[in-house]
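The file work.cif comes next; it holds mmCIF, N, CA and C atoms and all ligand atoms.
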data_run
#
loop_
_atom_site.label_atom_id
_atom_site.label_comp_id
_atom_site.auth_asym_id
_atom_site.auth_seq_id
_atom_site.Cartn_x
_atom_site.Cartn_y
_atom_site.Cartn_z
N MET A 9 -10.54 40.71 5.48
CA MET A 9 -11.55 39.68 5.78
C MET A 9 -11.84 39.70 7.28
N SER A 10 -13.11 39.75 7.64
CA SER A 10 -13.48 39.80 9.05
C SER A 10 -13.31 38.42 9.69
N ASP A 11 -13.40 38.41 11.01
CA ASP A 11 -13.24 37.15 11.75
C ASP A 11 -14.35 36.16 11.38
N GLY A 12 -15.59 36.67 11.25
CA GLY A 12 -16.70 35.81 10.87
C GLY A 12 -16.52 35.21 9.49
N GLN A 13 -16.07 36.04 8.54
CA GLN A 13 -15.84 35.54 7.19
C GLN A 13 -14.73 34.49 7.18
N ARG A 14 -13.71 34.71 8.00
CA ARG A 14 -12.61 33.75 8.10
C ARG A 14 -13.10 32.40 8.64
N ARG A 15 -13.99 32.48 9.63
CA ARG A 15 -14.54 31.24 10.21
C ARG A 15 -15.40 30.48 9.21
N VAL A 16 -16.21 31.23 8.45
CA VAL A 16 -17.06 30.57 7.44
C VAL A 16 -16.18 29.97 6.34
N ALA A 17 -15.15 30.70 5.92
CA ALA A 17 -14.26 30.17 4.88
C ALA A 17 -13.55 28.91 5.38
N ARG A 18 -13.14 28.92 6.65
CA ARG A 18 -12.48 27.75 7.23
C ARG A 18 -13.46 26.57 7.27
N ALA A 19 -14.71 26.82 7.69
CA ALA A 19 -15.71 25.75 7.77
C ALA A 19 -15.98 25.16 6.38
N VAL A 20 -16.11 26.02 5.37
CA VAL A 20 -16.36 25.53 4.01
C VAL A 20 -15.16 24.70 3.53
N ARG A 21 -13.94 25.18 3.80
CA ARG A 21 -12.74 24.45 3.40
C ARG A 21 -12.70 23.08 4.07
N LEU A 22 -13.02 23.02 5.36
CA LEU A 22 -12.99 21.74 6.06
C LEU A 22 -14.06 20.79 5.52
N LEU A 23 -15.25 21.32 5.21
CA LEU A 23 -16.30 20.46 4.66
C LEU A 23 -15.92 19.92 3.28
N VAL A 24 -15.29 20.76 2.46
CA VAL A 24 -14.83 20.29 1.14
C VAL A 24 -13.75 19.23 1.34
N TRP A 25 -12.82 19.46 2.25
CA TRP A 25 -11.80 18.45 2.54
C TRP A 25 -12.45 17.16 3.01
N GLY A 26 -13.46 17.27 3.87
CA GLY A 26 -14.14 16.07 4.37
C GLY A 26 -14.82 15.30 3.25
N LEU A 27 -15.48 16.04 2.37
CA LEU A 27 -16.16 15.40 1.24
C LEU A 27 -15.15 14.70 0.33
N TRP A 28 -13.96 15.25 0.21
CA TRP A 28 -12.92 14.66 -0.64
C TRP A 28 -11.96 13.79 0.15
N LEU A 29 -12.37 13.37 1.33
CA LEU A 29 -11.64 12.38 2.15
C LEU A 29 -10.25 12.86 2.55
N ARG A 30 -10.16 14.11 2.92
CA ARG A 30 -8.89 14.67 3.38
C ARG A 30 -8.92 14.89 4.88
N CYS A 31 -7.78 14.82 5.50
CA CYS A 31 -7.64 15.06 6.93
C CYS A 31 -8.14 16.47 7.26
N PRO A 32 -8.98 16.61 8.31
CA PRO A 32 -9.50 17.94 8.62
C PRO A 32 -8.45 18.90 9.19
N ARG A 33 -7.34 18.39 9.67
CA ARG A 33 -6.33 19.28 10.25
C ARG A 33 -5.29 19.72 9.24
N CYS A 34 -4.82 18.80 8.38
CA CYS A 34 -3.72 19.16 7.48
C CYS A 34 -4.10 19.08 5.99
N GLY A 35 -5.23 18.44 5.68
CA GLY A 35 -5.67 18.36 4.29
C GLY A 35 -5.05 17.22 3.50
N ALA A 36 -4.26 16.35 4.16
CA ALA A 36 -3.64 15.23 3.44
C ALA A 36 -4.69 14.17 3.12
N ARG A 37 -4.48 13.45 2.05
CA ARG A 37 -5.40 12.36 1.68
C ARG A 37 -5.01 11.12 2.47
N SER A 38 -5.42 11.10 3.74
CA SER A 38 -4.91 10.04 4.61
C SER A 38 -6.00 9.35 5.41
N LEU A 39 -7.26 9.49 5.05
CA LEU A 39 -8.32 8.95 5.90
C LEU A 39 -8.46 7.43 5.80
N PHE A 40 -8.44 6.88 4.58
CA PHE A 40 -8.80 5.47 4.42
C PHE A 40 -7.64 4.63 3.90
N ARG A 41 -7.54 3.43 4.49
CA ARG A 41 -6.57 2.42 4.05
C ARG A 41 -7.18 1.57 2.94
N THR A 42 -8.44 1.13 3.15
CA THR A 42 -9.19 0.41 2.12
C THR A 42 -10.55 1.10 2.00
N TRP A 43 -11.46 0.51 1.24
CA TRP A 43 -12.77 1.16 1.04
C TRP A 43 -13.49 1.41 2.36
N PHE A 44 -13.44 0.40 3.27
CA PHE A 44 -14.17 0.52 4.53
C PHE A 44 -13.28 0.72 5.75
N THR A 45 -11.99 0.64 5.61
CA THR A 45 -11.10 0.70 6.76
C THR A 45 -10.35 2.02 6.80
N MET A 46 -10.49 2.72 7.94
CA MET A 46 -9.78 3.99 8.09
C MET A 46 -8.42 3.75 8.72
N HIS A 47 -7.51 4.66 8.44
CA HIS A 47 -6.28 4.70 9.20
C HIS A 47 -6.61 5.18 10.60
N GLU A 48 -5.82 4.75 11.57
CA GLU A 48 -6.07 5.21 12.93
C GLU A 48 -5.65 6.67 13.11
N TYR A 49 -4.53 7.02 12.47
CA TYR A 49 -3.99 8.38 12.57
C TYR A 49 -3.70 8.92 11.18
N CYS A 50 -3.69 10.23 11.06
CA CYS A 50 -3.24 10.86 9.83
C CYS A 50 -1.74 10.61 9.69
N SER A 51 -1.31 10.21 8.52
CA SER A 51 0.11 9.90 8.32
C SER A 51 0.97 11.17 8.29
N VAL A 52 0.36 12.31 8.12
CA VAL A 52 1.12 13.56 8.04
C VAL A 52 1.14 14.30 9.38
N CYS A 53 -0.06 14.56 9.96
CA CYS A 53 -0.12 15.39 11.18
C CYS A 53 -0.43 14.58 12.45
N GLN A 54 -0.61 13.26 12.30
CA GLN A 54 -0.86 12.36 13.43
C GLN A 54 -2.17 12.61 14.15
N LEU A 55 -3.13 13.27 13.52
CA LEU A 55 -4.45 13.44 14.12
C LEU A 55 -5.10 12.07 14.25
N ARG A 56 -5.60 11.79 15.44
CA ARG A 56 -6.33 10.53 15.65
C ARG A 56 -7.75 10.71 15.12
N PHE A 57 -8.15 9.85 14.18
CA PHE A 57 -9.44 10.05 13.52
C PHE A 57 -10.60 9.63 14.40
N GLU A 58 -10.53 8.45 15.01
CA GLU A 58 -11.64 7.98 15.86
C GLU A 58 -11.31 8.35 17.29
N ARG A 59 -11.84 9.48 17.75
CA ARG A 59 -11.48 10.01 19.06
C ARG A 59 -11.89 9.10 20.20
N GLU A 60 -13.02 8.42 20.04
CA GLU A 60 -13.53 7.52 21.09
C GLU A 60 -14.38 6.46 20.43
N GLN A 61 -14.70 5.42 21.21
CA GLN A 61 -15.53 4.36 20.68
C GLN A 61 -16.91 4.92 20.34
N GLY A 62 -17.42 4.56 19.18
CA GLY A 62 -18.72 5.05 18.74
C GLY A 62 -18.67 6.44 18.14
N TYR A 63 -17.47 6.95 17.90
CA TYR A 63 -17.29 8.31 17.42
C TYR A 63 -18.01 8.54 16.09
N PHE A 64 -18.02 7.53 15.22
CA PHE A 64 -18.56 7.74 13.88
C PHE A 64 -20.07 7.50 13.79
N LEU A 65 -20.76 7.46 14.91
CA LEU A 65 -22.22 7.37 14.88
C LEU A 65 -22.80 8.58 14.15
N GLY A 66 -22.18 9.73 14.34
CA GLY A 66 -22.63 10.94 13.65
C GLY A 66 -22.53 10.80 12.14
N ALA A 67 -21.52 10.06 11.67
CA ALA A 67 -21.37 9.83 10.23
C ALA A 67 -22.53 9.00 9.70
N MET A 68 -23.02 8.08 10.53
CA MET A 68 -24.18 7.28 10.11
C MET A 68 -25.41 8.18 9.96
N TYR A 69 -25.56 9.15 10.86
CA TYR A 69 -26.69 10.08 10.73
C TYR A 69 -26.56 10.91 9.45
N ILE A 70 -25.35 11.35 9.16
CA ILE A 70 -25.14 12.12 7.93
C ILE A 70 -25.48 11.26 6.72
N ASN A 71 -24.99 10.03 6.71
CA ASN A 71 -25.24 9.12 5.59
C ASN A 71 -26.75 8.87 5.43
N TYR A 72 -27.40 8.60 6.53
CA TYR A 72 -28.85 8.36 6.49
C TYR A 72 -29.60 9.60 6.00
N GLY A 73 -29.27 10.75 6.55
CA GLY A 73 -29.96 11.98 6.18
C GLY A 73 -29.79 12.33 4.71
N VAL A 74 -28.57 12.18 4.20
CA VAL A 74 -28.33 12.50 2.79
C VAL A 74 -29.07 11.50 1.91
N THR A 75 -29.04 10.22 2.28
CA THR A 75 -29.73 9.20 1.49
C THR A 75 -31.24 9.46 1.45
N VAL A 76 -31.84 9.69 2.60
CA VAL A 76 -33.29 9.93 2.65
C VAL A 76 -33.64 11.23 1.94
N GLY A 77 -32.83 12.26 2.14
CA GLY A 77 -33.10 13.54 1.48
C GLY A 77 -33.06 13.41 -0.04
N LEU A 78 -32.05 12.73 -0.55
CA LEU A 78 -31.96 12.55 -2.01
C LEU A 78 -33.09 11.66 -2.53
N ALA A 79 -33.40 10.59 -1.80
CA ALA A 79 -34.46 9.68 -2.25
C ALA A 79 -35.81 10.38 -2.25
N LEU A 80 -36.11 11.13 -1.20
CA LEU A 80 -37.40 11.83 -1.14
C LEU A 80 -37.50 12.91 -2.21
N SER A 81 -36.47 13.73 -2.33
CA SER A 81 -36.53 14.80 -3.33
C SER A 81 -36.54 14.22 -4.74
N GLY A 82 -35.79 13.16 -4.96
CA GLY A 82 -35.81 12.51 -6.28
C GLY A 82 -37.15 11.88 -6.58
N SER A 83 -37.73 11.26 -5.58
CA SER A 83 -39.04 10.63 -5.77
C SER A 83 -40.11 11.66 -6.08
N PHE A 84 -40.14 12.75 -5.31
CA PHE A 84 -41.13 13.80 -5.58
C PHE A 84 -40.89 14.44 -6.94
N THR A 85 -39.63 14.64 -7.30
CA THR A 85 -39.32 15.24 -8.60
C THR A 85 -39.81 14.34 -9.73
N LEU A 86 -39.54 13.04 -9.63
CA LEU A 86 -40.01 12.12 -10.67
C LEU A 86 -41.53 12.08 -10.71
N GLU A 87 -42.15 12.12 -9.55
CA GLU A 87 -43.62 12.07 -9.48
C GLU A 87 -44.24 13.28 -10.18
N TRP A 88 -43.67 14.45 -9.98
CA TRP A 88 -44.24 15.67 -10.54
C TRP A 88 -43.89 15.88 -12.00
N TRP A 89 -42.71 15.47 -12.42
CA TRP A 89 -42.22 15.84 -13.76
C TRP A 89 -42.26 14.70 -14.78
N THR A 90 -42.49 13.47 -14.34
CA THR A 90 -42.51 12.36 -15.29
C THR A 90 -43.73 11.48 -15.01
N ALA A 91 -43.90 10.48 -15.84
CA ALA A 91 -45.03 9.55 -15.68
C ALA A 91 -44.53 8.18 -15.21
N VAL A 92 -43.61 8.18 -14.26
CA VAL A 92 -43.05 6.94 -13.75
C VAL A 92 -44.09 6.27 -12.84
N SER A 93 -44.27 4.97 -13.00
CA SER A 93 -45.27 4.26 -12.19
C SER A 93 -44.74 4.05 -10.77
N LEU A 94 -45.66 3.69 -9.87
CA LEU A 94 -45.28 3.45 -8.48
C LEU A 94 -44.30 2.27 -8.38
N ALA A 95 -44.53 1.23 -9.16
CA ALA A 95 -43.63 0.06 -9.14
C ALA A 95 -42.23 0.46 -9.59
N GLN A 96 -42.14 1.28 -10.63
CA GLN A 96 -40.82 1.74 -11.10
C GLN A 96 -40.16 2.63 -10.05
N GLN A 97 -40.96 3.48 -9.42
CA GLN A 97 -40.41 4.33 -8.35
C GLN A 97 -39.85 3.48 -7.22
N LEU A 98 -40.64 2.48 -6.79
CA LEU A 98 -40.18 1.63 -5.69
C LEU A 98 -38.90 0.91 -6.07
N LEU A 99 -38.86 0.35 -7.25
CA LEU A 99 -37.66 -0.35 -7.71
C LEU A 99 -36.45 0.59 -7.71
N LEU A 100 -36.64 1.76 -8.27
CA LEU A 100 -35.55 2.73 -8.35
C LEU A 100 -35.06 3.15 -6.98
N TRP A 101 -35.96 3.52 -6.09
CA TRP A 101 -35.55 4.11 -4.81
C TRP A 101 -35.13 3.07 -3.80
N ILE A 102 -35.64 1.84 -3.92
CA ILE A 102 -35.11 0.77 -3.06
C ILE A 102 -33.68 0.45 -3.49
N GLY A 103 -33.44 0.41 -4.79
CA GLY A 103 -32.08 0.20 -5.28
C GLY A 103 -31.15 1.33 -4.85
N PHE A 104 -31.63 2.55 -5.00
CA PHE A 104 -30.85 3.72 -4.59
C PHE A 104 -30.55 3.67 -3.10
N GLY A 105 -31.60 3.37 -2.31
CA GLY A 105 -31.43 3.34 -0.85
C GLY A 105 -30.52 2.22 -0.38
N SER A 106 -30.34 1.20 -1.20
CA SER A 106 -29.43 0.11 -0.84
C SER A 106 -28.00 0.40 -1.26
N LEU A 107 -27.84 1.04 -2.41
CA LEU A 107 -26.49 1.23 -2.96
C LEU A 107 -25.84 2.54 -2.50
N PHE A 108 -26.60 3.62 -2.47
CA PHE A 108 -26.01 4.93 -2.17
C PHE A 108 -25.30 5.00 -0.81
N PRO A 109 -25.89 4.46 0.27
CA PRO A 109 -25.18 4.55 1.56
C PRO A 109 -23.83 3.86 1.55
N VAL A 110 -23.70 2.80 0.77
CA VAL A 110 -22.41 2.11 0.68
C VAL A 110 -21.39 3.00 -0.04
N LEU A 111 -21.84 3.62 -1.12
CA LEU A 111 -20.94 4.48 -1.89
C LEU A 111 -20.61 5.77 -1.13
N PHE A 112 -21.53 6.24 -0.30
CA PHE A 112 -21.35 7.51 0.42
C PHE A 112 -20.70 7.32 1.78
N PHE A 113 -20.48 6.08 2.18
CA PHE A 113 -19.95 5.76 3.51
C PHE A 113 -18.69 6.56 3.84
N ARG A 114 -17.71 6.51 2.95
CA ARG A 114 -16.43 7.18 3.21
C ARG A 114 -16.63 8.70 3.32
N HIS A 115 -17.44 9.23 2.43
CA HIS A 115 -17.65 10.68 2.43
C HIS A 115 -18.40 11.15 3.67
N SER A 116 -19.33 10.31 4.17
CA SER A 116 -20.05 10.69 5.39
C SER A 116 -19.08 10.73 6.58
N ARG A 117 -18.12 9.82 6.61
CA ARG A 117 -17.13 9.87 7.68
C ARG A 117 -16.22 11.08 7.54
N GLY A 118 -15.84 11.40 6.32
CA GLY A 118 -15.03 12.59 6.10
C GLY A 118 -15.78 13.85 6.51
N LEU A 119 -17.07 13.91 6.19
CA LEU A 119 -17.88 15.07 6.57
C LEU A 119 -18.04 15.14 8.09
N TRP A 120 -18.23 14.01 8.72
CA TRP A 120 -18.36 14.00 10.18
C TRP A 120 -17.08 14.50 10.84
N LEU A 121 -15.94 14.03 10.34
CA LEU A 121 -14.65 14.51 10.87
C LEU A 121 -14.54 16.02 10.69
N ALA A 122 -14.99 16.51 9.53
CA ALA A 122 -14.92 17.95 9.27
C ALA A 122 -15.83 18.72 10.23
N PHE A 123 -17.07 18.25 10.39
CA PHE A 123 -17.99 18.90 11.34
C PHE A 123 -17.37 18.94 12.73
N ASP A 124 -16.85 17.82 13.16
CA ASP A 124 -16.28 17.76 14.50
C ASP A 124 -15.08 18.71 14.63
N HIS A 125 -14.29 18.77 13.58
CA HIS A 125 -13.11 19.63 13.64
C HIS A 125 -13.48 21.11 13.55
N ILE A 126 -14.62 21.42 12.93
CA ILE A 126 -15.08 22.82 12.88
C ILE A 126 -15.47 23.27 14.29
N PHE A 127 -16.22 22.41 15.00
CA PHE A 127 -16.76 22.82 16.30
C PHE A 127 -15.86 22.46 17.48
N ASP A 128 -14.99 21.48 17.32
CA ASP A 128 -14.12 21.06 18.42
C ASP A 128 -12.76 20.63 17.86
N PRO A 129 -11.98 21.60 17.38
CA PRO A 129 -10.72 21.23 16.73
C PRO A 129 -9.68 20.67 17.70
N VAL A 130 -8.90 19.74 17.21
CA VAL A 130 -7.76 19.21 17.96
C VAL A 130 -6.53 19.83 17.33
N GLU A 131 -5.95 20.81 18.03
CA GLU A 131 -4.87 21.56 17.42
C GLU A 131 -3.48 21.10 17.84
N ASP A 132 -3.40 20.39 19.00
CA ASP A 132 -2.06 19.99 19.42
C ASP A 132 -1.54 18.91 18.49
N GLN A 133 -0.28 18.98 18.18
CA GLN A 133 0.32 18.08 17.20
C GLN A 133 0.79 16.79 17.83
N GLY A 134 0.24 15.72 17.39
CA GLY A 134 0.81 14.40 17.60
C GLY A 134 0.82 13.80 18.97
N SER A 135 1.93 13.86 19.67
CA SER A 135 2.22 12.95 20.76
C SER A 135 1.14 12.90 21.84
N GLY A 136 0.64 14.04 22.31
CA GLY A 136 -0.37 14.02 23.34
C GLY A 136 -1.63 13.31 22.87
N ASP A 137 -1.99 13.57 21.64
CA ASP A 137 -3.15 12.94 21.06
C ASP A 137 -2.96 11.42 20.97
N ARG A 138 -1.77 11.01 20.56
CA ARG A 138 -1.51 9.59 20.35
C ARG A 138 -1.40 8.84 21.67
N ASP A 139 -0.91 9.52 22.72
CA ASP A 139 -0.71 8.85 24.00
C ASP A 139 -1.98 8.73 24.83
N ASP A 140 -3.02 9.47 24.50
CA ASP A 140 -4.25 9.46 25.28
C ASP A 140 -5.23 8.40 24.81
N LYS A 141 -4.77 7.22 24.51
CA LYS A 141 -5.66 6.21 23.96
C LYS A 141 -6.74 5.80 24.95
N GLY A 142 -6.38 5.36 26.13
CA GLY A 142 -7.36 5.01 27.13
C GLY A 142 -8.12 3.73 26.86
N TRP A 143 -7.77 2.98 25.83
CA TRP A 143 -8.41 1.69 25.57
C TRP A 143 -7.53 0.79 24.78
ZN ZN Q 201 -3.53 15.29 8.92
#
In structure tokens, what does this structure look like?
Ligand SMILES: [Zn+2]
Amino acid sequence: MSDGQRRVARAVRLLVWGLWLRCPRCGARSLFRTWFTMHEYCSVCQLRFEREQGYFLGAMYINYGVTVGLALSGSFTLEWWTAVSLAQQLLLWIGFGSLFPVLFFRHSRGLWLAFDHIFDPVEDQGSGDRDDKGW
């Protein structure tokens, strides 16, 4: 396997881990304590999840982009392939646009962590990461 293939395989693995709410460094299921509350650190490898204040803004962009992409493609698909009225479309996609981001919230954060770890991995284990809080 070439170096490029190894990098792509690693990126795909990290994105799948992110989608399934696994730590991007060790793969443990350690991201969330409750539906909306993340653990501060991975319980296995001690990776700090929120590197800085506002870190998860990128996750909001992912959540927004996936929601809009699905709503637009679904709306166009229904428009072309079915006889759904405009009122039904509005009802459906307003409901979708309200509910889907809540359900996708955790996965968007997992994907953001994966993206960040693909391009800027934190490889040192534990203590240095934990001691550099700064706030
Ligand atoms: Zn971990």
Please enclose the listed atoms of stretch 53-72 of chain A in an axis-aligned box, pad each side by 4 Å, and write out the centre and the three edge lengths in Å, rounded to one decimal, as JSON.
{"center_x": -14.8, "center_y": 9.9, "center_z": 13.3, "size_x": 37.5, "size_y": 19.0, "size_z": 23.8}
Can you tell me which residues surround A:Ala67 at a distance of at most 6 Å, considering only C-alpha atoms, apart from same-chain residues fewer than 5 positions away, and format the answer as a tab-separated table (two decimals) with N, CA and C atoms, keeping the file's coordinate frame?
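What ended up in part.tsv:
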chain	number	residue	atom	x	y	z
A	116	SER	N	-19.33	10.31	4.17
A	116	SER	CA	-20.05	10.69	5.39
A	116	SER	C	-19.08	10.73	6.58
A	117	ARG	N	-18.12	9.82	6.61
A	117	ARG	CA	-17.13	9.87	7.68
A	117	ARG	C	-16.22	11.08	7.54
A	120	TRP	N	-18.23	14.01	8.72
A	120	TRP	CA	-18.36	14.00	10.18
A	120	TRP	C	-17.08	14.50	10.84
Shell of 6 Å around ligand ZN 201 (chain Q) (all atoms listed in the file), written as a ChimeraX atom specification | /A:31-36,50-55
Write down as a list in words the residues belonging to chain A that are assigned strand (DSSP E or B) by DSSP computed on the backbone.
->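 Put together, the selection reads Phe40, Met46, Tyr49 and Arg56 of chain A.
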Please write as a list in words the list of polymer residues whose atoms come within 12 Å of (-11.2, 1.2, 2.9), counting only C-alpha atoms and keeping to the coordinates of the file.
->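 Collected hits near the coordinates: Leu29, Ser38, Leu39, Phe40, Arg41, Thr42, Trp43, Phe44, Thr45, Met46, His47, Glu48, Val110, Leu111, Phe113, Arg114, His115 and Arg117 of chain A.
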If I put a ball of radius 8 Å at (-12.5, 19.6, 8.2) in the file's coordinates, which residues poke into it when counting only C-alpha atoms, written as JSON, numbers by chain?
-> {"A": [19, 21, 22, 23, 24, 25, 26, 30, 31, 32, 33, 35, 118, 119, 121, 122, 123, 124, 125, 126]}
What is the atom CA of A:Arg59 to atom CA of A:Leu78 distance in Å?
-> 29.5 Å
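Interatomic distance, atom CA of A:Leu107 to atom CA of A:Val74: 12.8 Å.
The gap separating atom CA of A:Gln96 from atom CA of A:Ser83 is 10.5 Å, in Å to one decimal.
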Determine which residues of stretch 59-137 of chain A receive a DSSP assignment of helix (DSSP H, G or I), computed from the backbone, and state them as a ChimeraX atom specification.
-> /A:65-89,94-127,135-137
So which one's closest to A:Phe108, A:Pro129, A:Trp89, A:Thr75, A:Ala95? Using only C-alpha atoms, please.
->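 For A:Phe108, the nearest of the given residues is A:Thr75.
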Pick out the closest residue to A:Pro109 from this set: A:Met68, A:Ser81, A:Trp88, A:Arg56. Count only C-alpha atoms.
->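 Among the listed residues, the smallest separation from A:Pro109 belongs to A:Met68.
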I need stretch 28-41 of chain A written out with N, CA and C atoms, as a tab-separated table (two decimals), in the first residue's frame; please produce it.
chain	number	residue	atom	x	y	z
A	28	TRP	N	-19.63	7.57	13.83
A	28	TRP	CA	-20.11	6.65	14.85
A	28	TRP	C	-19.71	7.07	16.25
A	29	LEU	N	-19.34	8.33	16.41
A	29	LEU	CA	-19.09	8.95	17.72
A	29	LEU	C	-17.93	8.30	18.47
A	30	ARG	N	-16.88	7.99	17.75
A	30	ARG	CA	-15.70	7.40	18.37
A	30	ARG	C	-14.57	8.42	18.41
A	31	CYS	N	-13.72	8.28	19.38
A	31	CYS	CA	-12.55	9.15	19.54
A	31	CYS	C	-11.68	9.06	18.28
A	32	PRO	N	-11.26	10.22	17.73
A	32	PRO	CA	-10.46	10.16	16.50
A	32	PRO	C	-9.05	9.60	16.71
A	33	ARG	N	-8.56	9.58	17.92
A	33	ARG	CA	-7.20	9.08	18.15
A	33	ARG	C	-7.17	7.60	18.46
A	34	CYS	N	-8.10	7.10	19.29
A	34	CYS	CA	-8.02	5.70	19.71
A	34	CYS	C	-9.22	4.86	19.27
A	35	GLY	N	-10.30	5.51	18.83
A	35	GLY	CA	-11.46	4.77	18.37
A	35	GLY	C	-12.42	4.34	19.46
A	36	ALA	N	-12.18	4.76	20.71
A	36	ALA	CA	-13.08	4.38	21.81
A	36	ALA	C	-14.38	5.16	21.71
A	37	ARG	N	-15.45	4.57	22.19
A	37	ARG	CA	-16.75	5.26	22.20
A	37	ARG	C	-16.81	6.15	23.43
A	38	SER	N	-16.15	7.31	23.34
A	38	SER	CA	-15.99	8.11	24.55
A	38	SER	C	-16.34	9.58	24.34
A	39	LEU	N	-17.03	9.93	23.27
A	39	LEU	CA	-17.25	11.35	22.99
A	39	LEU	C	-18.30	11.99	23.90
A	40	PHE	N	-19.44	11.33	24.10
A	40	PHE	CA	-20.56	12.00	24.76
A	40	PHE	C	-20.92	11.36	26.09
A	41	ARG	N	-21.22	12.24	27.05
A	41	ARG	CA	-21.71	11.82	28.37
A	41	ARG	C	-23.24	11.70	28.33
